[in-house]
file start.cif (mmCIF, C-alpha atoms)
data_entry
#
loop_
_atom_site.label_atom_id
_atom_site.label_comp_id
_atom_site.auth_asym_id
_atom_site.auth_seq_id
_atom_site.Cartn_x
_atom_site.Cartn_y
_atom_site.Cartn_z
CA MET U 1 -56.42 41.47 -15.87
CA LYS U 2 -60.12 41.52 -15.07
CA ARG U 3 -60.91 43.52 -11.94
CA THR U 4 -63.18 41.88 -9.42
CA ARG U 5 -65.87 44.37 -8.42
CA SER U 6 -65.98 45.46 -4.81
CA ILE U 7 -68.29 43.80 -2.31
CA GLU U 8 -70.15 47.10 -1.89
CA THR U 9 -70.96 47.20 -5.60
CA ALA U 10 -71.91 43.52 -5.57
CA CYS U 11 -74.44 44.18 -2.77
CA VAL U 12 -76.24 46.54 -5.13
CA GLN U 13 -75.58 45.12 -8.59
CA ALA U 14 -74.91 41.35 -8.35
CA GLY U 15 -77.43 38.66 -9.24
CA TRP U 16 -79.98 40.37 -11.47
CA THR U 17 -78.46 41.85 -14.65
CA PRO U 18 -81.29 43.31 -16.74
CA LYS U 19 -81.04 43.35 -20.53
CA LYS U 20 -82.43 46.01 -22.88
CA GLY U 21 -86.02 46.83 -21.99
CA GLU U 22 -86.09 44.64 -18.86
CA PRO U 23 -86.98 46.01 -15.40
CA ARG U 24 -84.11 47.55 -13.48
CA VAL U 25 -85.43 46.08 -10.22
CA LEU U 26 -85.40 42.31 -9.78
CA PRO U 27 -88.95 41.07 -10.55
CA ILE U 28 -90.93 38.71 -8.35
CA TYR U 29 -91.62 35.59 -10.43
CA GLN U 30 -94.81 34.77 -8.55
CA SER U 31 -95.57 31.57 -10.41
CA THR U 32 -95.50 27.96 -9.30
CA THR U 33 -94.88 26.66 -12.81
CA PHE U 34 -93.27 27.51 -16.16
CA LYS U 35 -94.46 26.74 -19.73
CA TYR U 36 -92.73 24.70 -22.47
CA ASP U 37 -93.70 23.99 -26.06
CA THR U 38 -92.97 20.27 -26.32
CA SER U 39 -92.99 17.22 -24.08
CA ASP U 40 -89.35 16.58 -25.00
CA GLN U 41 -88.30 19.98 -23.67
CA MET U 42 -89.91 19.26 -20.32
CA GLY U 43 -88.45 15.75 -20.21
CA LYS U 44 -84.90 17.02 -20.63
CA LEU U 45 -85.38 19.32 -17.63
CA PHE U 46 -86.46 16.39 -15.45
CA ASP U 47 -83.44 14.38 -16.64
CA LEU U 48 -81.10 17.30 -15.82
CA GLU U 49 -80.02 17.33 -19.46
CA GLU U 50 -80.95 21.00 -19.90
CA GLU U 51 -81.16 23.99 -17.58
CA GLY U 52 -84.44 25.78 -17.05
CA TYR U 53 -87.35 26.41 -14.71
CA PHE U 54 -90.36 24.17 -14.44
CA TYR U 55 -91.55 24.20 -10.82
CA THR U 56 -90.79 26.74 -8.09
CA ARG U 57 -90.26 24.10 -5.41
CA LEU U 58 -86.97 23.31 -7.12
CA GLN U 59 -85.95 26.64 -8.62
CA ASN U 60 -87.38 30.07 -9.27
CA PRO U 61 -85.73 32.97 -11.18
CA THR U 62 -86.18 35.47 -8.34
CA ASN U 63 -84.61 33.07 -5.85
CA ASP U 64 -81.76 32.17 -8.18
CA MET U 65 -80.79 35.79 -8.80
CA VAL U 66 -80.65 36.47 -5.06
CA ALA U 67 -78.70 33.25 -4.43
CA ALA U 68 -76.24 34.30 -7.14
CA LYS U 69 -75.74 37.64 -5.37
CA ILE U 70 -75.00 35.93 -2.04
CA ALA U 71 -72.63 33.49 -3.77
CA GLU U 72 -70.68 36.44 -5.19
CA LEU U 73 -70.63 38.22 -1.84
CA GLU U 74 -69.16 35.11 -0.18
CA GLY U 75 -66.82 34.30 -3.08
CA GLY U 76 -68.51 30.95 -3.76
CA VAL U 77 -69.39 29.15 -6.98
CA ALA U 78 -73.08 28.55 -6.29
CA ALA U 79 -75.78 29.05 -3.67
CA MET U 80 -79.31 27.93 -2.84
CA LEU U 81 -81.98 29.77 -0.85
CA THR U 82 -84.02 27.93 1.77
CA SER U 83 -87.13 28.76 3.76
CA SER U 84 -85.17 29.49 6.95
CA GLY U 85 -81.71 29.38 8.47
CA GLN U 86 -82.65 26.14 10.20
CA ALA U 87 -83.50 24.59 6.83
CA ALA U 88 -80.14 25.76 5.48
CA ASN U 89 -78.27 24.08 8.33
CA TYR U 90 -80.28 20.89 7.92
CA TYR U 91 -79.78 20.70 4.14
CA ALA U 92 -76.08 21.53 4.42
CA ILE U 93 -75.54 18.49 6.64
CA PHE U 94 -78.12 16.13 5.16
CA ASN U 95 -76.74 16.70 1.65
CA ILE U 96 -73.66 14.67 2.61
CA CYS U 97 -74.90 12.62 5.58
CA GLU U 98 -77.29 9.72 6.03
CA ALA U 99 -78.27 7.29 8.79
CA GLY U 100 -75.16 5.81 10.38
CA ASP U 101 -73.02 8.91 9.80
CA HIS U 102 -71.49 11.33 12.29
CA ILE U 103 -70.61 15.03 12.45
CA VAL U 104 -68.49 17.14 14.78
CA SER U 105 -69.82 20.53 15.85
CA SER U 106 -68.68 23.43 17.95
CA ALA U 107 -70.76 23.44 21.15
CA PRO U 108 -71.43 27.20 21.47
CA ILE U 109 -73.85 27.60 18.55
CA TYR U 110 -77.42 28.86 18.16
CA GLY U 111 -79.72 26.84 20.43
CA GLY U 112 -82.00 25.81 17.56
CA THR U 113 -79.04 24.38 15.64
CA PHE U 114 -77.75 22.63 18.76
CA ASN U 115 -81.14 20.96 19.17
CA LEU U 116 -81.33 20.13 15.44
CA PHE U 117 -78.02 18.28 15.60
CA GLY U 118 -78.32 16.86 19.11
CA VAL U 119 -81.94 15.71 19.08
CA THR U 120 -83.72 15.73 15.71
CA MET U 121 -80.91 14.51 13.46
CA LYS U 122 -79.97 11.88 16.02
CA LYS U 123 -83.49 10.48 15.56
CA GLN U 124 -82.61 10.15 11.87
CA GLY U 125 -79.50 8.16 12.69
CA ILE U 126 -76.94 10.97 12.27
CA ASP U 127 -74.82 11.27 15.41
CA VAL U 128 -73.01 14.39 16.65
CA THR U 129 -70.11 15.12 18.98
CA PHE U 130 -70.01 18.66 20.40
CA ILE U 131 -66.58 20.11 21.11
CA ASP U 132 -65.07 23.19 22.74
CA PRO U 133 -63.91 25.45 19.87
CA ASP U 134 -61.10 26.80 22.05
CA ALA U 135 -59.63 23.32 22.58
CA SER U 136 -56.39 22.34 20.83
CA GLU U 137 -56.34 20.84 17.34
CA GLU U 138 -55.26 17.53 18.85
CA GLU U 139 -58.13 17.51 21.33
CA ILE U 140 -60.77 18.39 18.72
CA SER U 141 -59.38 15.78 16.30
CA LYS U 142 -60.09 13.08 18.89
CA ALA U 143 -63.82 13.62 18.26
CA PHE U 144 -63.54 12.41 14.65
CA ARG U 145 -64.52 8.89 13.62
CA PRO U 146 -64.24 6.91 10.37
CA ASN U 147 -67.88 7.81 9.62
CA THR U 148 -67.50 11.56 10.35
CA LYS U 149 -68.73 13.61 7.39
CA ALA U 150 -68.43 17.28 8.41
CA LEU U 151 -67.14 19.81 10.93
CA PHE U 152 -69.57 22.65 11.79
CA ALA U 153 -69.15 25.97 13.61
CA GLU U 154 -70.34 29.60 13.66
CA THR U 155 -68.11 32.55 12.75
CA VAL U 156 -69.49 34.45 15.75
CA SER U 157 -71.66 32.24 17.94
CA ASN U 158 -75.19 33.16 19.00
CA PRO U 159 -75.59 34.26 21.82
CA SER U 160 -72.22 33.50 23.46
CA LEU U 161 -70.24 35.54 20.85
CA VAL U 162 -67.35 33.08 20.61
CA VAL U 163 -65.13 34.05 17.64
CA LEU U 164 -64.11 31.05 15.55
CA ASP U 165 -60.49 30.35 14.62
CA ILE U 166 -61.45 29.48 11.04
CA GLU U 167 -57.96 28.48 9.86
CA LYS U 168 -57.57 26.08 12.78
CA PHE U 169 -60.95 24.49 12.11
CA ALA U 170 -60.19 24.21 8.37
CA ARG U 171 -56.93 22.39 9.14
CA ILE U 172 -58.74 19.98 11.46
CA ALA U 173 -61.52 19.30 8.95
CA HIS U 174 -59.22 18.77 5.98
CA SER U 175 -56.76 16.59 7.88
CA ASN U 176 -59.73 14.35 8.62
CA GLY U 177 -61.00 14.40 5.02
CA VAL U 178 -64.24 16.34 5.63
CA PRO U 179 -65.53 19.80 4.69
CA LEU U 180 -65.72 22.69 7.13
CA ILE U 181 -69.25 24.17 7.23
CA VAL U 182 -69.43 27.65 8.75
CA ASP U 183 -72.55 29.57 9.76
CA ASN U 184 -71.62 33.16 8.86
CA THR U 185 -74.93 34.76 9.91
CA PHE U 186 -73.65 37.26 12.49
CA ALA U 187 -70.52 38.43 10.64
CA THR U 188 -72.00 38.38 7.11
CA PRO U 189 -69.63 38.45 4.11
CA ILE U 190 -69.19 42.18 4.69
CA ASN U 191 -67.11 41.49 7.79
CA CYS U 192 -65.81 37.97 7.12
CA ARG U 193 -65.53 35.67 4.09
CA PRO U 194 -64.82 32.21 5.57
CA PHE U 195 -63.83 30.71 2.19
CA GLU U 196 -60.74 32.94 2.22
CA TRP U 197 -59.65 31.21 5.45
CA GLY U 198 -60.26 27.62 4.31
CA ALA U 199 -63.97 26.96 4.92
CA ASP U 200 -65.75 24.87 2.28
CA ILE U 201 -69.46 25.60 2.76
CA VAL U 202 -71.13 28.65 4.31
CA VAL U 203 -74.69 28.84 5.63
CA HIS U 204 -76.78 31.84 6.63
CA SER U 205 -79.96 32.68 8.38
CA THR U 206 -80.81 35.45 5.92
CA THR U 207 -83.55 36.43 8.38
CA LYS U 208 -80.91 38.37 10.33
CA TYR U 209 -78.58 41.06 8.96
CA MET U 210 -78.98 40.12 5.29
CA ASP U 211 -82.71 40.91 5.36
CA GLY U 212 -82.00 43.47 8.04
CA HIS U 213 -85.56 44.61 8.65
CA ALA U 214 -87.24 41.66 10.42
CA MET U 215 -89.57 41.14 7.47
CA ALA U 216 -88.72 37.80 5.85
CA VAL U 217 -87.56 34.48 7.29
CA GLY U 218 -85.03 32.73 5.08
CA GLY U 219 -81.75 30.85 4.75
CA CYS U 220 -78.96 30.23 2.27
CA ILE U 221 -76.25 27.65 1.56
CA VAL U 222 -73.14 28.72 -0.38
CA ASP U 223 -70.57 26.29 -1.80
CA SER U 224 -66.95 27.38 -2.32
CA GLY U 225 -66.46 24.69 -4.96
CA ASN U 226 -63.10 23.90 -3.35
CA PHE U 227 -63.72 20.61 -1.53
CA ASP U 228 -62.59 17.57 -3.53
CA TRP U 229 -65.51 15.18 -3.10
CA ASP U 230 -64.01 12.64 -5.52
CA LYS U 231 -60.84 12.38 -3.42
CA TYR U 232 -63.01 10.91 -0.64
CA GLY U 233 -65.48 9.19 -2.96
CA ASP U 234 -66.25 6.30 -0.63
CA LYS U 235 -67.14 8.73 2.14
CA PHE U 236 -69.31 11.03 0.01
CA HIS U 237 -70.91 8.43 -2.25
CA GLY U 238 -74.10 10.50 -2.59
CA LEU U 239 -72.10 12.90 -4.75
CA THR U 240 -69.67 10.47 -6.38
CA THR U 241 -71.80 7.43 -7.26
CA PRO U 242 -74.88 7.16 -9.55
CA ASP U 243 -78.15 8.69 -8.35
CA GLU U 244 -80.78 6.23 -9.57
CA SER U 245 -83.55 8.79 -9.02
CA TYR U 246 -81.99 10.72 -11.94
CA HIS U 247 -81.17 7.79 -14.24
CA GLY U 248 -77.78 7.19 -12.67
CA ILE U 249 -76.11 10.60 -13.03
CA ILE U 250 -72.98 11.22 -10.92
CA TYR U 251 -73.07 14.76 -9.58
CA THR U 252 -69.32 15.38 -9.41
CA LYS U 253 -68.84 14.09 -12.96
CA LYS U 254 -71.75 15.99 -14.52
CA PHE U 255 -71.72 19.24 -12.57
CA GLY U 256 -68.11 19.65 -11.39
CA LYS U 257 -67.71 22.44 -8.84
CA ALA U 258 -71.50 22.89 -8.74
CA ALA U 259 -72.07 19.26 -7.68
CA TYR U 260 -72.90 19.95 -4.03
CA ILE U 261 -75.45 22.74 -4.64
CA THR U 262 -76.97 20.90 -7.62
CA LYS U 263 -77.57 17.80 -5.51
CA ALA U 264 -79.06 19.91 -2.70
CA THR U 265 -81.42 21.56 -5.19
CA VAL U 266 -82.55 18.68 -7.41
CA GLN U 267 -82.62 16.01 -4.69
CA LEU U 268 -83.21 17.56 -1.25
CA MET U 269 -85.38 20.47 -2.35
CA ARG U 270 -87.30 18.15 -4.67
CA ASP U 271 -88.06 15.75 -1.79
CA LEU U 272 -88.23 18.03 1.26
CA GLY U 273 -89.38 21.31 -0.29
CA SER U 274 -88.15 23.98 2.14
CA ILE U 275 -88.05 26.61 -0.60
CA GLN U 276 -87.89 30.32 0.12
CA SER U 277 -90.88 32.10 -1.36
CA PRO U 278 -90.14 34.47 -4.27
CA GLN U 279 -91.74 37.28 -2.26
CA ASN U 280 -89.32 36.71 0.62
CA ALA U 281 -86.38 36.45 -1.79
CA PHE U 282 -87.39 39.82 -3.26
CA LEU U 283 -87.46 41.40 0.22
CA LEU U 284 -84.12 39.77 1.03
CA ASN U 285 -82.60 41.33 -2.08
CA VAL U 286 -83.78 44.77 -1.00
CA GLY U 287 -82.02 44.20 2.31
CA LEU U 288 -78.82 43.00 0.64
CA GLU U 289 -78.56 46.25 -1.32
CA THR U 290 -77.77 48.15 1.90
CA LEU U 291 -75.98 45.38 3.81
CA HIS U 292 -72.57 47.03 3.45
CA LEU U 293 -73.90 50.31 4.84
CA ARG U 294 -75.85 48.78 7.70
CA MET U 295 -73.10 46.43 8.94
CA GLN U 296 -70.69 49.33 9.27
CA ARG U 297 -73.23 51.26 11.34
CA HIS U 298 -74.19 48.21 13.46
CA CYS U 299 -70.54 47.64 14.35
CA GLU U 300 -69.73 51.29 15.01
CA ASN U 301 -72.76 51.61 17.29
CA ALA U 302 -72.09 48.32 19.09
CA GLN U 303 -68.48 49.31 19.77
CA LYS U 304 -69.57 52.59 21.39
CA VAL U 305 -72.33 50.87 23.40
CA ALA U 306 -69.92 48.15 24.57
CA GLU U 307 -67.42 50.80 25.69
CA TYR U 308 -70.17 52.66 27.55
CA LEU U 309 -71.35 49.49 29.30
CA ASN U 310 -67.77 48.50 30.13
CA SER U 311 -67.23 51.80 31.95
CA ASN U 312 -70.56 51.80 33.83
CA ASP U 313 -70.30 50.78 37.49
CA LYS U 314 -73.77 49.18 37.41
CA VAL U 315 -72.60 46.65 34.80
CA ALA U 316 -70.96 43.46 36.10
CA TRP U 317 -69.43 42.25 32.83
CA VAL U 318 -69.50 42.87 29.05
CA ASN U 319 -68.79 40.38 26.27
CA TYR U 320 -67.91 42.03 22.94
CA SER U 321 -64.83 41.12 20.96
CA GLY U 322 -64.25 44.74 19.94
CA LEU U 323 -63.10 45.47 23.50
CA PRO U 324 -59.29 45.13 23.81
CA ASP U 325 -59.53 43.01 26.98
CA ASN U 326 -62.00 40.54 25.44
CA LYS U 327 -60.90 36.91 25.22
CA TYR U 328 -61.54 36.85 21.46
CA HIS U 329 -60.24 40.31 20.56
CA GLU U 330 -57.11 39.01 18.84
CA LEU U 331 -59.07 36.49 16.73
CA ALA U 332 -61.64 39.14 15.86
CA MET U 333 -58.90 41.51 14.68
CA LYS U 334 -57.46 38.74 12.50
CA TYR U 335 -60.66 37.58 10.82
CA MET U 336 -62.93 40.63 11.17
CA PRO U 337 -60.79 43.77 11.47
CA ASN U 338 -63.69 46.02 10.42
CA GLY U 339 -65.98 44.67 13.16
CA THR U 340 -67.81 41.45 13.98
CA CYS U 341 -71.50 42.28 14.40
CA GLY U 342 -73.89 44.44 16.39
CA VAL U 343 -74.69 41.92 19.14
CA ILE U 344 -73.41 42.40 22.69
CA SER U 345 -73.99 40.29 25.80
CA PHE U 346 -73.61 41.71 29.30
CA GLY U 347 -74.73 41.28 32.90
CA LEU U 348 -75.79 43.73 35.58
CA LYS U 349 -74.77 43.81 39.23
CA GLY U 350 -77.67 42.38 41.20
CA GLY U 351 -78.37 39.48 38.88
CA ARG U 352 -81.57 38.27 37.27
CA ASP U 353 -84.10 40.54 38.99
CA VAL U 354 -82.11 43.68 38.17
CA SER U 355 -81.76 42.51 34.55
CA ILE U 356 -85.52 42.11 34.24
CA ARG U 357 -86.24 45.55 35.74
CA PHE U 358 -83.65 47.11 33.44
CA MET U 359 -85.23 45.58 30.34
CA ASP U 360 -88.75 46.54 31.40
CA ASN U 361 -87.62 50.19 31.60
CA LEU U 362 -86.11 50.35 28.12
CA LYS U 363 -88.07 52.58 25.74
CA LEU U 364 -86.16 52.67 22.45
CA ALA U 365 -84.97 49.05 22.60
CA ALA U 366 -87.71 46.43 22.33
CA ILE U 367 -87.93 43.05 24.04
CA VAL U 368 -88.17 40.59 21.12
CA THR U 369 -86.96 37.09 20.25
CA HIS U 370 -85.37 38.39 17.06
CA VAL U 371 -81.81 39.62 16.66
CA ALA U 372 -79.78 41.52 14.05
CA ASP U 373 -82.15 43.94 12.38
CA ALA U 374 -82.19 47.71 11.97
CA ARG U 375 -83.93 48.30 15.31
CA THR U 376 -82.22 47.86 18.67
CA SER U 377 -83.64 44.85 20.50
CA VAL U 378 -82.97 42.99 23.70
CA LEU U 379 -83.58 39.55 25.21
CA HIS U 380 -82.98 37.97 28.63
CA PRO U 381 -82.55 34.23 27.95
CA ALA U 382 -83.09 33.21 31.59
CA SER U 383 -86.53 34.86 31.52
CA HIS U 384 -87.43 33.99 27.92
CA THR U 385 -85.83 31.28 25.79
CA HIS U 386 -84.43 29.34 28.78
CA ARG U 387 -87.01 30.26 31.43
CA GLN U 388 -87.77 26.62 32.30
CA LEU U 389 -84.24 26.13 33.72
CA SER U 390 -82.96 26.79 37.25
CA ASP U 391 -79.93 29.04 37.75
CA GLU U 392 -77.75 25.94 38.12
CA GLN U 393 -79.11 24.48 34.89
CA LEU U 394 -78.63 27.82 33.09
CA ILE U 395 -74.93 27.88 33.99
CA GLU U 396 -74.59 24.24 32.90
CA ALA U 397 -76.14 25.22 29.55
CA GLY U 398 -73.65 28.07 29.16
CA VAL U 399 -76.21 30.82 29.81
CA GLN U 400 -75.52 32.98 32.84
CA PRO U 401 -78.69 33.92 34.77
CA ASP U 402 -77.91 37.63 34.34
CA LEU U 403 -77.01 37.46 30.62
CA ILE U 404 -78.69 40.14 28.53
CA ARG U 405 -78.39 39.87 24.75
CA LEU U 406 -78.45 43.32 23.20
CA SER U 407 -78.75 43.63 19.42
CA VAL U 408 -77.60 47.16 18.66
CA GLY U 409 -79.48 48.75 15.77
CA ILE U 410 -78.63 51.51 13.32
CA GLU U 411 -80.36 54.35 15.18
CA ASN U 412 -78.32 57.28 16.47
CA VAL U 413 -75.92 55.75 19.00
CA ASP U 414 -76.41 58.61 21.47
CA ASP U 415 -80.11 57.80 21.60
CA ILE U 416 -79.36 54.09 22.19
CA ILE U 417 -76.94 54.88 25.02
CA ALA U 418 -79.38 57.41 26.54
CA ASP U 419 -82.08 54.72 26.57
CA ILE U 420 -79.73 52.25 28.29
CA GLU U 421 -78.68 54.92 30.79
CA GLN U 422 -82.22 55.89 31.77
CA ALA U 423 -83.15 52.21 32.19
CA LEU U 424 -80.09 51.59 34.38
CA ASN U 425 -80.98 54.60 36.51
CA ALA U 426 -84.59 53.51 36.78
#

call {"tool": "encode", "arguments": {"input": "start.cif", "output": "structure tokens"}}
result
Amino acid sequence: MKRTRSIETACVQAGWTPKKGEPRVLPIYQSTTFKYDTSDQMGKLFDLEEEGYFYTRLQNPTNDMVAAKIAELEGGVAAMLTSSGQAANYYAIFNICEAGDHIVSSAPIYGGTFNLFGVTMKKQGIDVTFIDPDASEEEISKAFRPNTKALFAETVSNPSLVVLDIEKFARIAHSNGVPLIVDNTFATPINCRPFEWGADIVVHSTTKYMDGHAMAVGGCIVDSGNFDWDKYGDKFHGLTTPDESYHGIIYTKKFGKAAYITKATVQLMRDLGSIQSPQNAFLLNVGLETLHLRMQRHCENAQKVAEYLNSNDKVAWVNYSGLPDNKYHELAMKYMPNGTCGVISFGLKGGRDVSIRFMDNLKLAAIVTHVADARTSVLHPASHTHRQLSDEQLIEAGVQPDLIRLSVGIENVDDIIADIEQALNA
């Protein structure tokens, strides 16, 4: 019986497998185009009759090796890199939706994704219904329509830190004949592999923990290969009927389990072009090599910081699923027993003004809009990303006026806590 290599080894070794005399480190294929000897060779590539590289907007060897690594980490059959996490979310939906279609999405998701679904994609004729992920299966199922094409949610939501009941969402999606698409950015495949719980497609903002160093914006889509598109052929006709832009090929018939990613690559990337640069893919791969080490440290540090905050009398509340009294602790232990992520949200007694003074006095932690990299960072949504809203509007949007989002880094945890303590005292 062939042994599947561990996820730790895959972080380091998967994707690029050098042959005799080739570089040990994944090269950057910094070329827009690739040479062929005959016109017929090039023509077969454009007809999808042969595999190969001809233009980096569609595929590039550096990108493909990194995508292959992420596919192995998630346990999927194929993956595609994109220029950002937002592009990954857009492609994941648009690959199976068109004007007149509908999706169902968990409401507590990253604000940019919420706006993508609720505003921009609506302008393109794709409607969305947002639901409470904690609602019953029966209640959530009421949001589905005959033209619903997907159910979307985040493993751990940003910034509200809701932990998804993946099995419940998979049952709901499949009973309604649609795939479950899960954004696994915060947990990463180190802490959770959604395919093992019934998800069909996983997306990532690789900008976060996967890159891990705030150097390269990027995204990724991974396909499990498990959803039966042909079973619902009328619903997913883009995959199951001839594509006239490629001489009538049918993706499910020609590419089997790779149909979804192949269509996303040769159709959406061809036409929309949100490719990740080979340079960024190279940097992403460097980050992936230490992902298993960093996630363990992020979670260990965050747990200790959350416990410190929870015991501090200047702190009004703490939201971190690693705390036994947290609403999502039981779900977190089921799906992510080794930890969820390094992000904590909390509020201070005294409200918004105290929160601002606290943040201004931090020395080790930096006030930035980014989250989930090696350095500890902090953000106050009411003063930054949501500053145009009144306190009443903030609460309506699910953001408490005193909410502080703390992304705990991989520094020495005693130094992080000391920084928080001096800022609280100040």

call {"tool": "atom_distance", "arguments": {"input": "start.cif", "atom1": "atom CA of U:Leu323", "atom2": "atom CA of U:Gln303"}}
result
7.6 Å

call {"tool": "residues_around", "arguments": {"input": "start.cif", "residues": "U:Tyr308", "least_positions_apart": "4", "cutoff": "8 Å", "atoms": "only C-alpha atoms", "output": "ChimeraX atom specification"}}
result
/U:304,312,417

call {"tool": "resolve_selection", "arguments": {"input": "start.cif", "expression": "the PyMOL selection byres ((chain U and resi 250) around 12)", "output": "number ranges by chain"}}
result
U: 48, 229-230, 233, 236-249, 251-256, 258-260, 262-263

call {"tool": "residues_around", "arguments": {"input": "start.cif", "residues": "U:Ala366", "least_positions_apart": "6", "cutoff": "8 Å", "atoms": "all atoms listed in the file", "output": "list in words"}}
result
Thr376, Ser377 and Val378 of chain U

call {"tool": "closest_atom_pairs", "arguments": {"input": "start.cif", "of": "stretch 115-199 of chain U", "to": "stretch 203-210 of chain U", "cutoff": "6 Å", "atoms": "only C-alpha atoms", "output": "CSV"}}
result
residue,atom,partner,partner_atom,distance
U:Asp183,CA,U:Val203,CA,4.7
U:Asn184,CA,U:His204,CA,5.8
U:Thr185,CA,U:His204,CA,4.8

call {"tool": "resolve_selection", "arguments": {"input": "start.cif", "expression": "the PyMOL selection byres ((chain U and resi 188) around 12)", "output": "VMD selection string"}}
result
chain U and resid 7 11 70 to 71 73 to 74 154 to 156 182 to 187 189 to 194 202 to 212 220 288 291 to 292 294 to 296 298 to 299 335 to 336 338 to 342 372

call {"tool": "closest_residue", "arguments": {"input": "start.cif", "among": "U:Ile416, U:Ala423, U:Ile28, U:Ala306", "to": "U:Val354", "atoms": "only C-alpha atoms"}}
result
U:Ala423

call {"tool": "closest_residue", "arguments": {"input": "start.cif", "among": "U:Gly350, U:Gly85, U:Gly15, U:Pro133", "to": "U:Val315", "atoms": "only C-alpha atoms"}}
result
U:Gly350

call {"tool": "decode", "arguments": {"input": "start.cif", "residues": "stretch 190-208 of chain U", "atoms": "N, CA and C atoms", "output": "compact mmCIF listing (two decimals), in the first residue's frame"}}
result
# COMPACT_ATOMS: atom_id res chain seq x y z
N ILE U 190 -3.24 23.21 6.92
CA ILE U 190 -2.53 22.68 8.09
C ILE U 190 -3.50 22.39 9.22
N ASN U 191 -4.48 23.27 9.41
CA ASN U 191 -5.42 23.11 10.51
C ASN U 191 -6.76 22.53 10.10
N CYS U 192 -7.12 22.62 8.83
CA CYS U 192 -8.41 22.08 8.38
C CYS U 192 -8.34 21.77 6.90
N ARG U 193 -8.85 20.59 6.51
CA ARG U 193 -8.94 20.23 5.10
C ARG U 193 -10.43 20.01 4.78
N PRO U 194 -11.11 21.05 4.30
CA PRO U 194 -12.56 21.00 4.12
C PRO U 194 -13.06 19.86 3.24
N PHE U 195 -12.23 19.39 2.29
CA PHE U 195 -12.67 18.28 1.43
C PHE U 195 -12.97 17.03 2.26
N GLU U 196 -12.25 16.85 3.36
CA GLU U 196 -12.46 15.67 4.20
C GLU U 196 -13.79 15.72 4.94
N TRP U 197 -14.44 16.90 4.95
CA TRP U 197 -15.73 17.06 5.62
C TRP U 197 -16.86 17.30 4.63
N GLY U 198 -16.58 17.15 3.32
CA GLY U 198 -17.66 17.22 2.33
C GLY U 198 -17.66 18.43 1.42
N ALA U 199 -16.74 19.38 1.63
CA ALA U 199 -16.67 20.53 0.72
C ALA U 199 -16.21 20.07 -0.67
N ASP U 200 -16.56 20.84 -1.68
CA ASP U 200 -16.24 20.47 -3.07
C ASP U 200 -15.13 21.32 -3.68
N ILE U 201 -15.12 22.61 -3.34
CA ILE U 201 -14.13 23.54 -3.89
C ILE U 201 -13.62 24.39 -2.73
N VAL U 202 -12.32 24.61 -2.69
CA VAL U 202 -11.71 25.45 -1.66
C VAL U 202 -11.02 26.63 -2.33
N VAL U 203 -11.16 27.81 -1.73
CA VAL U 203 -10.46 29.00 -2.21
C VAL U 203 -9.58 29.56 -1.10
N HIS U 204 -8.56 30.28 -1.50
CA HIS U 204 -7.64 30.90 -0.55
C HIS U 204 -7.26 32.29 -1.01
N SER U 205 -7.11 33.19 -0.05
CA SER U 205 -6.26 34.35 -0.26
C SER U 205 -4.88 33.91 0.19
N THR U 206 -4.02 33.59 -0.77
CA THR U 206 -2.66 33.14 -0.42
C THR U 206 -1.83 34.28 0.15
N THR U 207 -2.35 35.50 0.04
CA THR U 207 -1.71 36.69 0.61
C THR U 207 -1.50 36.54 2.11
N LYS U 208 -2.35 35.75 2.77
CA LYS U 208 -2.35 35.67 4.22
C LYS U 208 -1.33 34.64 4.71
